[in-house]
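Engineer: Enclosed is the structure file target-v7.pdb (PDB, C-alpha atoms).
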ATOM      1  CA  MET A 413     -29.337  11.837  38.291
ATOM      2  CA  ILE A 414     -31.343   9.869  35.733
ATOM      3  CA  SER A 415     -30.210   6.337  35.039
ATOM      4  CA  ALA A 416     -29.800   5.053  31.498
ATOM      5  CA  PRO A 417     -32.831   3.018  30.485
ATOM      6  CA  ASP A 418     -32.879  -0.750  30.258
ATOM      7  CA  PHE A 419     -32.228  -2.265  26.846
ATOM      8  CA  GLU A 420     -35.822  -3.409  26.692
ATOM      9  CA  GLU A 421     -37.018   0.122  27.317
ATOM     10  CA  ASP A 422     -35.006   1.710  24.540
ATOM     11  CA  ASP A 423     -35.989  -0.751  21.830
ATOM     12  CA  VAL A 424     -32.761  -2.686  21.750
ATOM     13  CA  GLN A 425     -32.812  -6.405  21.130
ATOM     14  CA  ILE A 426     -29.888  -8.482  22.397
ATOM     15  CA  ILE A 427     -29.208 -11.867  20.879
ATOM     16  CA  PRO A 428     -26.903 -13.904  23.139
ATOM     17  CA  ALA A 429     -23.415 -14.672  21.831
ATOM     18  CA  ASP A 430     -23.273 -17.558  19.385
ATOM     19  CA  TYR A 431     -20.717 -20.235  20.259
ATOM     20  CA  SER A 432     -21.433 -22.434  17.245
ATOM     21  CA  LEU A 433     -17.983 -21.865  15.695
ATOM     22  CA  LEU A 434     -16.339 -23.020  18.905
ATOM     23  CA  HIS A 435     -18.533 -26.120  18.892
ATOM     24  CA  LYS A 436     -17.749 -26.705  15.226
ATOM     25  CA  ILE A 437     -13.983 -26.615  15.811
ATOM     26  CA  GLY A 438     -13.875 -28.057  19.308
ATOM     27  CA  VAL A 439     -12.030 -26.557  22.249
ATOM     28  CA  THR A 440      -9.145 -29.051  22.055
ATOM     29  CA  ASN A 441      -8.602 -28.385  18.360
ATOM     30  CA  LEU A 442      -8.649 -24.656  19.023
ATOM     31  CA  ASP A 443      -5.533 -24.961  21.177
ATOM     32  CA  ILE A 444      -3.808 -27.015  18.466
ATOM     33  CA  ILE A 445      -4.795 -24.653  15.645
ATOM     34  CA  PHE A 446      -3.560 -21.624  17.554
ATOM     35  CA  SER A 447      -0.520 -23.224  19.212
ATOM     36  CA  VAL A 448       2.919 -21.612  19.387
ATOM     37  CA  LYS A 449       4.161 -24.006  16.688
ATOM     38  CA  ALA A 450       1.283 -23.034  14.417
ATOM     39  CA  ALA A 451       2.065 -19.354  15.011
ATOM     40  CA  GLN A 452       5.679 -19.939  14.000
ATOM     41  CA  ARG A 453       4.570 -21.777  10.855
ATOM     42  CA  ALA A 454       2.233 -18.914   9.966
ATOM     43  CA  GLU A 455       4.934 -16.285  10.607
ATOM     44  CA  ASP A 456       7.248 -18.221   8.263
ATOM     45  CA  VAL A 457       4.568 -17.891   5.585
ATOM     46  CA  VAL A 458       4.480 -14.116   6.099
ATOM     47  CA  GLN A 459       8.276 -13.856   5.907
ATOM     48  CA  ALA A 460       8.355 -15.879   2.698
ATOM     49  CA  ALA A 461       6.028 -13.344   1.091
ATOM     50  CA  VAL A 462       8.335 -10.386   1.730
ATOM     51  CA  ASP A 463      10.402 -10.781  -1.476
ATOM     52  CA  GLU A 464       7.241 -10.814  -3.567
ATOM     53  CA  PHE A 465       6.015  -7.639  -1.878
ATOM     54  CA  TYR A 466       9.309  -5.932  -2.609
ATOM     55  CA  ALA A 467       9.157  -6.928  -6.295
ATOM     56  CA  GLU A 468       5.609  -5.557  -6.550
ATOM     57  CA  CYS A 469       6.716  -2.292  -4.918
ATOM     58  CA  VAL A 470       9.424  -1.916  -7.570
ATOM     59  CA  THR A 471       6.828  -2.491 -10.311
ATOM     60  CA  ASP A 472       4.499   0.079  -8.728
ATOM     61  CA  GLY A 473       7.439   2.479  -8.421
ATOM     62  CA  ASP A 474       8.082   2.156 -12.163
ATOM     63  CA  ALA A 475       4.400   2.782 -12.874
ATOM     64  CA  LEU A 476       4.568   5.873 -10.674
ATOM     65  CA  LYS A 477       7.582   7.089 -12.627
ATOM     66  CA  ASP A 478       5.619   6.678 -15.874
ATOM     67  CA  CYS A 479       2.731   8.674 -14.362
ATOM     68  CA  VAL A 480       5.072  11.533 -13.455
ATOM     69  CA  LYS A 481       6.643  11.507 -16.935
ATOM     70  CA  GLN A 482       3.167  11.692 -18.453
ATOM     71  CA  LEU A 483       2.198  14.541 -16.115
ATOM     72  CA  LYS A 484       5.280  16.535 -17.072
ATOM     73  CA  ILE A 485       4.474  16.122 -20.760
ATOM     74  CA  ALA A 486       0.780  16.932 -20.302
ATOM     75  CA  PRO A 487       0.167  18.802 -17.022
ATOM     76  CA  ALA A 488      -3.463  19.321 -18.012
ATOM     77  CA  THR A 489      -4.103  15.635 -17.310
ATOM     78  CA  LEU A 490      -3.332  16.165 -13.607
ATOM     79  CA  GLN A 491      -6.908  15.748 -12.393
ATOM     80  CA  GLU A 492      -7.341  12.462 -14.270
ATOM     81  CA  SER A 493      -3.946  11.186 -13.137
ATOM     82  CA  LEU A 494      -4.449  11.903  -9.450
ATOM     83  CA  TYR A 495      -6.728   8.883  -8.965
ATOM     84  CA  GLN A 496      -4.178   6.613 -10.636
ATOM     85  CA  VAL A 497      -1.327   7.993  -8.526
ATOM     86  CA  ALA A 498      -3.441   7.730  -5.356
ATOM     87  CA  THR A 499      -4.317   4.097  -6.113
ATOM     88  CA  LEU A 500      -0.682   3.199  -6.803
ATOM     89  CA  ALA A 501       0.418   4.971  -3.632
ATOM     90  CA  PHE A 502      -2.217   3.240  -1.511
ATOM     91  CA  ASP A 503      -1.271  -0.220  -2.808
ATOM     92  CA  MET A 504       2.406   0.539  -2.410
ATOM     93  CA  LYS A 505       1.902   1.692   1.172
ATOM     94  CA  THR A 506       0.556  -1.705   2.200
ATOM     95  CA  LYS A 507       3.098  -3.737   0.284
ATOM     96  CA  ALA A 508       6.086  -1.658   1.383
ATOM     97  CA  ALA A 509       5.061  -1.834   5.021
ATOM     98  CA  GLN A 510       4.495  -5.590   4.773
ATOM     99  CA  ALA A 511       7.986  -5.929   3.220
ATOM    100  CA  GLY A 512       9.646  -3.886   5.981
ATOM    101  CA  TYR A 513      10.181  -0.652   4.023
ATOM    102  CA  ASP A 514       8.657   1.669   6.592
ATOM    103  CA  LEU A 515       9.869   4.946   5.097
ATOM    104  CA  VAL A 516       8.655   3.945   1.625
ATOM    105  CA  ALA A 517       5.293   3.168   3.226
ATOM    106  CA  SER A 518       5.240   6.580   4.934
ATOM    107  CA  LEU A 519       6.087   8.364   1.689
ATOM    108  CA  ALA A 520       3.434   6.381  -0.162
ATOM    109  CA  LYS A 521       0.908   7.290   2.529
ATOM    110  CA  SER A 522       1.876  10.951   2.267
ATOM    111  CA  LEU A 523       1.498  10.782  -1.523
ATOM    112  CA  HIS A 524      -1.883   9.097  -1.184
ATOM    113  CA  ILE A 525      -3.159  11.770   1.181
ATOM    114  CA  LEU A 526      -1.757  14.497  -1.079
ATOM    115  CA  CYS A 527      -3.600  13.109  -4.117
ATOM    116  CA  GLU A 528      -6.863  12.396  -2.289
ATOM    117  CA  GLU A 529      -7.201  15.444  -0.119
ATOM    118  CA  SER A 530      -5.093  18.271  -1.536
ATOM    119  CA  GLU A 531      -6.082  18.223  -5.181
ATOM    120  CA  ASN A 532      -7.577  21.690  -5.155
ATOM    121  CA  LEU A 533      -5.337  23.253  -2.541
ATOM    122  CA  LEU A 534      -2.167  23.572  -4.586
ATOM    123  CA  PRO A 535      -1.417  24.887  -8.070
ATOM    124  CA  PRO A 536      -0.949  22.022 -10.615
ATOM    125  CA  ALA A 537       2.771  22.759 -11.129
ATOM    126  CA  THR A 538       3.418  22.487  -7.383
ATOM    127  CA  MET A 539       1.383  19.292  -7.163
ATOM    128  CA  ILE A 540       3.411  17.717  -9.968
ATOM    129  CA  GLU A 541       6.654  18.818  -8.342
ATOM    130  CA  ILE A 542       5.655  17.270  -5.004
ATOM    131  CA  ILE A 543       4.433  14.065  -6.649
ATOM    132  CA  GLU A 544       7.745  13.790  -8.512
ATOM    133  CA  TRP A 545       9.681  14.339  -5.300
ATOM    134  CA  HIS A 546       7.768  11.506  -3.610
ATOM    135  CA  GLN A 547       8.288   9.237  -6.601
ATOM    136  CA  ASN A 548      12.043   9.942  -6.721
ATOM    137  CA  SER A 549      12.450   9.336  -2.997
ATOM    138  CA  ILE A 550      10.425   6.114  -3.080
ATOM    139  CA  ASN A 551      12.336   4.736  -6.061
ATOM    140  CA  ARG A 552      15.718   5.637  -4.579
ATOM    141  CA  LEU A 553      14.859   3.904  -1.303
ATOM    142  CA  LEU A 554      13.671   0.809  -3.173
ATOM    143  CA  THR A 555      16.682   0.728  -5.497
ATOM    144  CA  LEU A 556      19.061   0.989  -2.553
ATOM    145  CA  LYS A 557      16.921  -1.543  -0.633
ATOM    146  CA  LEU A 558      16.831   0.713   2.415
ATOM    147  CA  LYS A 559      14.451  -0.934   4.840
ATOM    148  CA  GLY A 560      13.047   0.549   8.037
ATOM    149  CA  ASN A 561      13.604   4.292   8.348
ATOM    150  CA  GLY A 562      16.171   4.311   5.513
ATOM    151  CA  GLY A 563      19.210   5.136   7.673
ATOM    152  CA  PRO A 564      21.115   8.376   6.949
ATOM    153  CA  PHE A 565      19.542   8.551   3.487
ATOM    154  CA  GLY A 566      16.129   8.345   5.095
ATOM    155  CA  GLN A 567      17.050  11.145   7.482
ATOM    156  CA  ALA A 568      18.005  13.323   4.496
ATOM    157  CA  ILE A 569      14.614  12.615   2.951
ATOM    158  CA  LEU A 570      12.842  13.556   6.184
ATOM    159  CA  ALA A 571      14.817  16.815   6.263
ATOM    160  CA  GLU A 572      13.658  17.513   2.692
ATOM    161  CA  ILE A 573      10.072  16.882   3.782
ATOM    162  CA  GLU A 574      10.437  19.530   6.481
ATOM    163  CA  LYS A 575      11.760  21.981   3.889
ATOM    164  CA  LEU A 576       8.842  21.216   1.585
ATOM    165  CA  GLN A 577       6.349  21.660   4.406
ATOM    166  CA  SER A 578       7.836  25.015   5.369
ATOM    167  CA  ARG A 579       7.321  26.195   1.797
TER     168      ARG A 579
ATOM    169  CA  MET B 899       5.785 -28.135   5.323
ATOM    170  CA  LYS B 900       4.121 -29.703   8.334
ATOM    171  CA  THR B 901       0.548 -28.469   8.611
ATOM    172  CA  ALA B 902      -1.985 -28.061  11.386
ATOM    173  CA  PRO B 903      -4.966 -30.410  11.717
ATOM    174  CA  GLN B 904      -7.609 -29.524   9.159
ATOM    175  CA  ASN B 905     -10.861 -27.966  10.242
ATOM    176  CA  ASN B 906     -14.047 -27.324   8.381
ATOM    177  CA  LEU B 907     -14.682 -23.618   8.904
ATOM    178  CA  ARG B 908     -15.607 -21.853   5.678
ATOM    179  CA  ILE B 909     -13.805 -18.544   5.351
ATOM    180  CA  LEU B 910     -14.368 -15.846   2.735
ATOM    181  CA  VAL B 911     -11.440 -13.532   1.986
ATOM    182  CA  ALA B 912     -12.232 -10.337   0.040
ATOM    183  CA  ASP B 913      -9.250  -8.271  -1.105
ATOM    184  CA  ASN B 914      -8.445  -6.705  -4.461
ATOM    185  CA  GLU B 915      -4.700  -7.011  -3.935
ATOM    186  CA  ARG B 916      -3.477 -10.337  -5.301
ATOM    187  CA  LEU B 917      -0.441 -10.598  -3.022
ATOM    188  CA  ILE B 918      -2.471  -9.894   0.100
ATOM    189  CA  GLN B 919      -5.052 -12.493  -0.986
ATOM    190  CA  LYS B 920      -2.284 -15.024  -1.411
ATOM    191  CA  LEU B 921      -0.657 -14.115   1.896
ATOM    192  CA  VAL B 922      -3.894 -14.335   3.896
ATOM    193  CA  CYS B 923      -4.799 -17.635   2.219
ATOM    194  CA  ASN B 924      -1.365 -19.122   2.882
ATOM    195  CA  VAL B 925      -1.503 -18.087   6.529
ATOM    196  CA  LEU B 926      -4.995 -19.596   6.886
ATOM    197  CA  VAL B 927      -3.966 -22.821   5.153
ATOM    198  CA  SER B 928      -0.882 -23.092   7.361
ATOM    199  CA  LEU B 929      -3.267 -22.969  10.350
ATOM    200  CA  GLY B 930      -5.369 -25.771   8.886
ATOM    201  CA  PHE B 931      -8.219 -23.672   7.470
ATOM    202  CA  THR B 932      -8.596 -25.338   4.108
ATOM    203  CA  ASN B 933     -12.042 -24.083   3.097
ATOM    204  CA  VAL B 934     -10.909 -20.617   2.050
ATOM    205  CA  PHE B 935     -12.704 -18.750  -0.742
ATOM    206  CA  VAL B 936     -11.233 -15.623  -2.312
ATOM    207  CA  VAL B 937     -12.928 -12.738  -4.138
ATOM    208  CA  ASN B 938     -11.569  -9.492  -5.611
ATOM    209  CA  SER B 939     -14.361  -7.008  -4.976
ATOM    210  CA  GLY B 940     -17.189  -6.118  -2.649
ATOM    211  CA  ARG B 941     -19.728  -7.068  -5.320
ATOM    212  CA  GLN B 942     -18.209 -10.533  -5.692
ATOM    213  CA  ALA B 943     -18.172 -10.919  -1.915
ATOM    214  CA  ILE B 944     -21.863 -10.030  -1.626
ATOM    215  CA  ASP B 945     -22.765 -12.417  -4.459
ATOM    216  CA  MET B 946     -20.782 -15.201  -2.814
ATOM    217  CA  ILE B 947     -22.324 -14.547   0.617
ATOM    218  CA  ALA B 948     -25.816 -14.650  -0.871
ATOM    219  CA  GLU B 949     -24.978 -17.957  -2.555
ATOM    220  CA  LYS B 950     -23.005 -19.961  -0.004
ATOM    221  CA  PRO B 951     -22.823 -20.240   3.776
ATOM    222  CA  PHE B 952     -19.656 -19.011   5.490
ATOM    223  CA  ASP B 953     -18.397 -19.059   9.067
ATOM    224  CA  LEU B 954     -16.082 -16.060   8.892
ATOM    225  CA  ILE B 955     -15.420 -13.135   6.555
ATOM    226  CA  ILE B 956     -12.071 -11.370   6.261
ATOM    227  CA  THR B 957     -12.421  -8.264   4.121
ATOM    228  CA  ASP B 958     -10.286  -5.411   2.881
ATOM    229  CA  TRP B 959     -11.762  -1.905   2.934
ATOM    230  CA  ARG B 960     -10.754  -0.411  -0.405
ATOM    231  CA  MET B 961     -11.919  -2.540  -3.286
ATOM    232  CA  ASP B 962     -13.312  -1.740  -6.704
ATOM    233  CA  ASN B 963     -17.016  -2.271  -7.290
ATOM    234  CA  LEU B 964     -18.318  -1.904  -3.706
ATOM    235  CA  ASP B 965     -15.888  -1.752  -0.830
ATOM    236  CA  GLY B 966     -15.509  -3.593   2.450
ATOM    237  CA  ILE B 967     -17.871  -1.295   4.343
ATOM    238  CA  ASP B 968     -20.583  -2.023   1.760
ATOM    239  CA  VAL B 969     -20.028  -5.734   2.369
ATOM    240  CA  ILE B 970     -20.380  -5.306   6.141
ATOM    241  CA  ARG B 971     -23.547  -3.193   5.742
ATOM    242  CA  PHE B 972     -25.041  -5.803   3.412
ATOM    243  CA  VAL B 973     -24.259  -8.674   5.782
ATOM    244  CA  ARG B 974     -25.561  -6.917   8.892
ATOM    245  CA  SER B 975     -28.541  -4.998   7.607
ATOM    246  CA  SER B 976     -29.782  -6.166   4.221
ATOM    247  CA  PRO B 977     -33.019  -8.148   4.191
ATOM    248  CA  TYR B 978     -31.276 -10.363   1.606
ATOM    249  CA  SER B 979     -28.389 -11.211   3.923
ATOM    250  CA  PRO B 980     -28.587 -14.915   4.788
ATOM    251  CA  MET B 981     -26.271 -14.619   7.818
ATOM    252  CA  PRO B 982     -26.359 -11.233   9.568
ATOM    253  CA  HIS B 983     -24.532 -12.576  12.644
ATOM    254  CA  ILE B 984     -21.427 -13.926  10.900
ATOM    255  CA  PRO B 985     -18.108 -12.664  12.365
ATOM    256  CA  ILE B 986     -16.319 -10.146  10.152
ATOM    257  CA  ILE B 987     -12.671  -9.137  10.427
ATOM    258  CA  MET B 988     -11.619  -6.034   8.512
ATOM    259  CA  LEU B 989      -8.031  -6.150   7.241
ATOM    260  CA  THR B 990      -7.091  -2.749   5.909
ATOM    261  CA  GLY B 991      -4.435  -0.120   5.371
ATOM    262  CA  ASN B 992      -6.806   2.581   6.656
ATOM    263  CA  THR B 993      -5.199   3.543   9.931
ATOM    264  CA  GLU B 994      -7.035   6.733  10.923
ATOM    265  CA  GLY B 995      -9.404   6.630  13.876
ATOM    266  CA  ARG B 996     -12.368   7.852  11.826
ATOM    267  CA  TYR B 997     -12.112   4.728   9.647
ATOM    268  CA  VAL B 998     -11.948   2.448  12.664
ATOM    269  CA  ARG B 999     -15.054   4.119  14.113
ATOM    270  CA  GLU B1000     -16.892   3.846  10.802
ATOM    271  CA  ALA B1001     -16.105   0.127  10.576
ATOM    272  CA  ILE B1002     -17.199  -0.505  14.166
ATOM    273  CA  ASN B1003     -20.444   1.372  13.591
ATOM    274  CA  ALA B1004     -21.039  -0.660  10.433
ATOM    275  CA  GLY B1005     -20.849  -3.833  12.550
ATOM    276  CA  VAL B1006     -17.336  -5.228  12.165
ATOM    277  CA  ASN B1007     -16.126  -7.643  14.857
ATOM    278  CA  CYS B1008     -12.391  -6.960  14.629
ATOM    279  CA  TYR B1009     -10.193  -4.432  12.860
ATOM    280  CA  LEU B1010      -6.683  -5.388  11.763
ATOM    281  CA  ILE B1011      -4.325  -2.882  10.196
ATOM    282  CA  LYS B1012      -1.885  -3.768   7.427
ATOM    283  CA  PRO B1013       0.968  -4.593   7.649
ATOM    284  CA  PHE B1014      -0.164  -7.457   9.817
ATOM    285  CA  SER B1015       1.677 -10.320  11.390
ATOM    286  CA  ALA B1016       0.409 -13.874  11.324
ATOM    287  CA  VAL B1017       0.052 -13.775  15.102
ATOM    288  CA  GLN B1018      -2.165 -10.665  14.941
ATOM    289  CA  LEU B1019      -4.454 -12.376  12.441
ATOM    290  CA  MET B1020      -4.496 -15.578  14.492
ATOM    291  CA  LYS B1021      -5.437 -13.663  17.654
ATOM    292  CA  ARG B1022      -8.412 -12.039  15.975
ATOM    293  CA  ILE B1023      -9.668 -15.267  14.455
ATOM    294  CA  ARG B1024      -9.359 -16.984  17.801
ATOM    295  CA  LEU B1025     -11.131 -14.085  19.504
ATOM    296  CA  VAL B1026     -14.226 -14.268  17.294
ATOM    297  CA  ILE B1027     -14.379 -18.053  17.695
ATOM    298  CA  GLU B1028     -13.672 -18.289  21.401
ATOM    299  CA  ASN B1029     -15.245 -15.087  22.701
ATOM    300  CA  PRO B1030     -18.177 -14.214  20.485
ATOM    301  CA  ARG B1031     -20.164 -11.170  21.528
ATOM    302  CA  ASP B1032     -23.866 -10.598  21.996
ATOM    303  CA  PHE B1033     -25.535  -9.380  18.827
ATOM    304  CA  ILE B1034     -27.336  -6.063  19.084
ATOM    305  CA  ILE B1035     -30.331  -5.102  16.993
ATOM    306  CA  SER B1036     -31.395  -1.510  17.512
ATOM    307  CA  PRO B1037     -33.000   1.133  15.308
ATOM    308  CA  ASN B1038     -29.556   2.614  14.557
ATOM    309  CA  TYR B1039     -27.194  -0.322  14.765
ATOM    310  CA  LYS B1040     -27.004  -4.000  13.943
ATOM    311  CA  GLY B1041     -23.894  -5.900  14.876
ATOM    312  CA  PRO B1042     -21.757  -7.296  17.667
ATOM    313  CA  ASP B1043     -22.025  -5.514  21.003
ATOM    314  CA  ARG B1044     -19.699  -2.544  20.742
ATOM    315  CA  ARG B1045     -19.353  -2.332  24.519
ATOM    316  CA  HIS B1046     -17.472  -5.595  24.765
ATOM    317  CA  LEU B1047     -14.763  -4.468  27.130
ATOM    318  CA  ASP B1048     -15.446  -5.346  30.737
ATOM    319  CA  HIS B1049     -15.056  -2.229  32.830
ATOM    320  CA  ASP B1050     -16.004  -3.650  36.202
ATOM    321  CA  ASP B1051     -14.929  -0.472  37.924
ATOM    322  CA  PHE B1052     -17.539   1.545  36.034
ATOM    323  CA  ASP B1053     -20.507   1.600  38.339
ATOM    324  CA  LEU B1054     -22.100   4.989  37.854
ATOM    325  CA  PRO B1055     -25.848   5.566  37.547
ATOM    326  CA  GLU B1056     -25.538   5.991  33.757
ATOM    327  CA  ARG B1057     -24.579   2.343  33.364
ATOM    328  CA  ARG B1058     -27.322   0.295  31.761
ATOM    329  CA  ARG B1059     -29.034  -1.792  34.415
ATOM    330  CA  THR B1060     -29.716  -4.941  32.448
ATOM    331  CA  ARG B1061     -26.983  -6.899  30.839
ATOM    332  CA  ARG B1062     -27.032 -10.574  30.108
ATOM    333  CA  GLU B1063     -24.439 -12.875  31.609
ATOM    334  CA  VAL B1064     -22.490 -14.492  28.779
ATOM    335  CA  PRO B1065     -22.268 -18.245  29.315
ATOM    336  CA  LYS B1066     -18.648 -19.371  29.396
ATOM    337  CA  ILE B1067     -19.259 -22.843  28.059
ATOM    338  CA  HIS B1068     -15.661 -23.599  27.246
ATOM    339  CA  GLU B1069     -14.271 -23.155  30.722
ATOM    340  CA  ALA B1070     -14.979 -26.704  31.854
ATOM    341  CA  SER B1071     -12.810 -28.386  29.245
TER     342      SER B1071
END
What's the structure tokens form of this structure?
Structural biologist:
Amino acid sequence: MISAPDFEEDDVQIIPADYSLLHKIGVTNLDIIFSVKAAQRAEDVVQAAVDEFYAECVTDGDALKDCVKQLKIAPATLQESLYQVATLAFDMKTKAAQAGYDLVASLAKSLHILCEESENLLPPATMIEIIEWHQNSINRLLTLKLKGNGGPFGQAILAEIEKLQSR
Amino acid sequence: MKTAPQNNLRILVADNERLIQKLVCNVLVSLGFTNVFVVNSGRQAIDMIAEKPFDLIITDWRMDNLDGIDVIRFVRSSPYSPMPHIPIIMLTGNTEGRYVREAINAGVNCYLIKPFSAVQLMKRIRLVIENPRDFIISPNYKGPDRRHLDHDDFDLPERRRTRREVPKIHEAS
């Protein structure tokens, strides 16, 4: 069996790891900066941001609703609107997940994938119908403040997804 | 709020989402990183990197006007990059494996998926400070050694024969 060549033989240059950041901070300070207390302080910061993320999700949900309204009035604008819907869905996915709304995040992810990857696979009317279904589900979950998997309501939504997929 | 001791690392945060910018900054400040600079786009990040020295970059993937991957490629491979070896942490909502692979092949040090916890971010920052990797320059790749996991049990003939010993300078203290 032939051995893999040495780095030097296959034109690979290796620069040894640079510890200058460690020197700059100092090993003792590193333990203080990343202590358990510091971690708790930082987690408190993340928790404090949750309300803001929720508020932004609601705003994005309203924008999504406006997009769907516009699409229903003028279905011919579907291609131009898909980018806007995809962007809203992508932003919402992150914010919803960060705020603890896992099912909203999943729906937003599904909507994002739908807009980015399925634009030519489905007839426009079906696309609009599916986008509207996502938007309705997302807004209902946010209005009812159903975190995590959305409880029984979330289960009903998942069942609807299965129905949609089977179609 | 009681804060950690200040330190002088200069950190660039690139994210087009205002709330995420604010969250990352607040977490960094709560850890005592007070030299935090924020930009909204890949273009702004590249301009800032060309202008000022930084110790660490935390970048989103999806941004308007050049994205996070463009930033990483500029830093690692552009002849105009003033600091090709700087640690880069990618903080993104892109969860699929193909994105992770693309980021690693572009030369990212760590990949952190949103939603993130403060502890996850802390661990990655500590990792790039405390356990930096060798930097590889090859015809097809420039960036931190992608084979950073120690698989001591892997001793087949295909294993590369030469590998530098990384000095563990911090063990004594």
Engineer: Could you list the residues chosen by the PyMOL selection byres ((chain B and resi 952-963) around 7) in this structure as an NGL selection string?
Structural biologist: :B and (907-914 or 939-941 or 950-951 or 964-967 or 984-990)
Engineer: For a cutoff of 10 Å around the file-coordinate point (14.4, 4.4, 8.4), which residues qualify once you count all atoms listed in the file? I'd like the result as number ranges by chain.
Structural biologist: A: 512-516, 553, 558-567, 569-570
Engineer: Could you take the residues named above and write them with C-alpha atoms, as a CSV table (one decimal), in the frame of the given file?
Structural biologist:
chain,number,residue,atom,x,y,z
A,512,GLY,CA,9.6,-3.9,6.0
A,513,TYR,CA,10.2,-0.7,4.0
A,514,ASP,CA,8.7,1.7,6.6
A,515,LEU,CA,9.9,4.9,5.1
A,516,VAL,CA,8.7,3.9,1.6
A,553,LEU,CA,14.9,3.9,-1.3
A,558,LEU,CA,16.8,0.7,2.4
A,559,LYS,CA,14.5,-0.9,4.8
A,560,GLY,CA,13.0,0.5,8.0
A,561,ASN,CA,13.6,4.3,8.3
A,562,GLY,CA,16.2,4.3,5.5
A,563,GLY,CA,19.2,5.1,7.7
A,564,PRO,CA,21.1,8.4,6.9
A,565,PHE,CA,19.5,8.6,3.5
A,566,GLY,CA,16.1,8.3,5.1
A,567,GLN,CA,17.0,11.1,7.5
A,569,ILE,CA,14.6,12.6,3.0
A,570,LEU,CA,12.8,13.6,6.2
Engineer: Tell me which residues the ChimeraX specification (/B :<8) & /A grabs here, as number ranges by chain.
Structural biologist: A: 413-419, 423-431, 433-434, 436-437, 439, 441-442, 444-446, 450-451, 453-455, 457-458, 461, 464-465, 502-503, 505-507, 509-510
Engineer: Report, in Å with one decimal, the straight-line distance from CA of Ser549 (chain A) to CA of Thr993 (chain B).
Structural biologist: 22.6 Å
Engineer: How many Å separate CA of Gly995 (chain B) from CA of Ala943 (chain B)?
Structural biologist: 25.2 Å
Engineer: Hey, can you check how far CA of Lys557 (chain A) sits from CA of Tyr466 (chain A)?
Structural biologist: 9.0 Å
Engineer: Excluding Glu529 (chain A) and residues on its chain fewer than 5 positions from it, collect all residues at most 12 Å away from it, counting all atoms listed in the file, and give them as a ChimeraX atom specification.
Structural biologist: /A:494-495,498,521-524,534,539
Engineer: Which residues, written as a list in words, have at least one atom at most 9 Å from Val497 (chain A), with all atoms listed in the file counted and residues fewer than 4 positions away on the same chain left out?
Structural biologist: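 Using all atoms listed in the file, the neighbours found are Ala475, Leu476, Cys479, Val480, Ser493, Ala501, Phe502, Leu523, His524, Cys527 and Ile543 of chain A.
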Engineer: For a quick check of understanding, using all atoms listed in the file, which of B:Val973, B:Pro980, B:Gln919, B:Arg1022 has the smallest distance to Leu1010 (chain B)?
Structural biologist: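 Between B:Val973, B:Pro980, B:Gln919, B:Arg1022, the residue approaching Leu1010 (chain B) most closely is B:Arg1022.
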Engineer: Hey, what comes out of the PyMOL selection byres ((chain B and resi 1004) around 9) on this file? Could you write it as an MDAnalysis selection string?
Structural biologist: chainID B and resid 967:968 970:971 974 999:1003 1005:1006 1039:1041
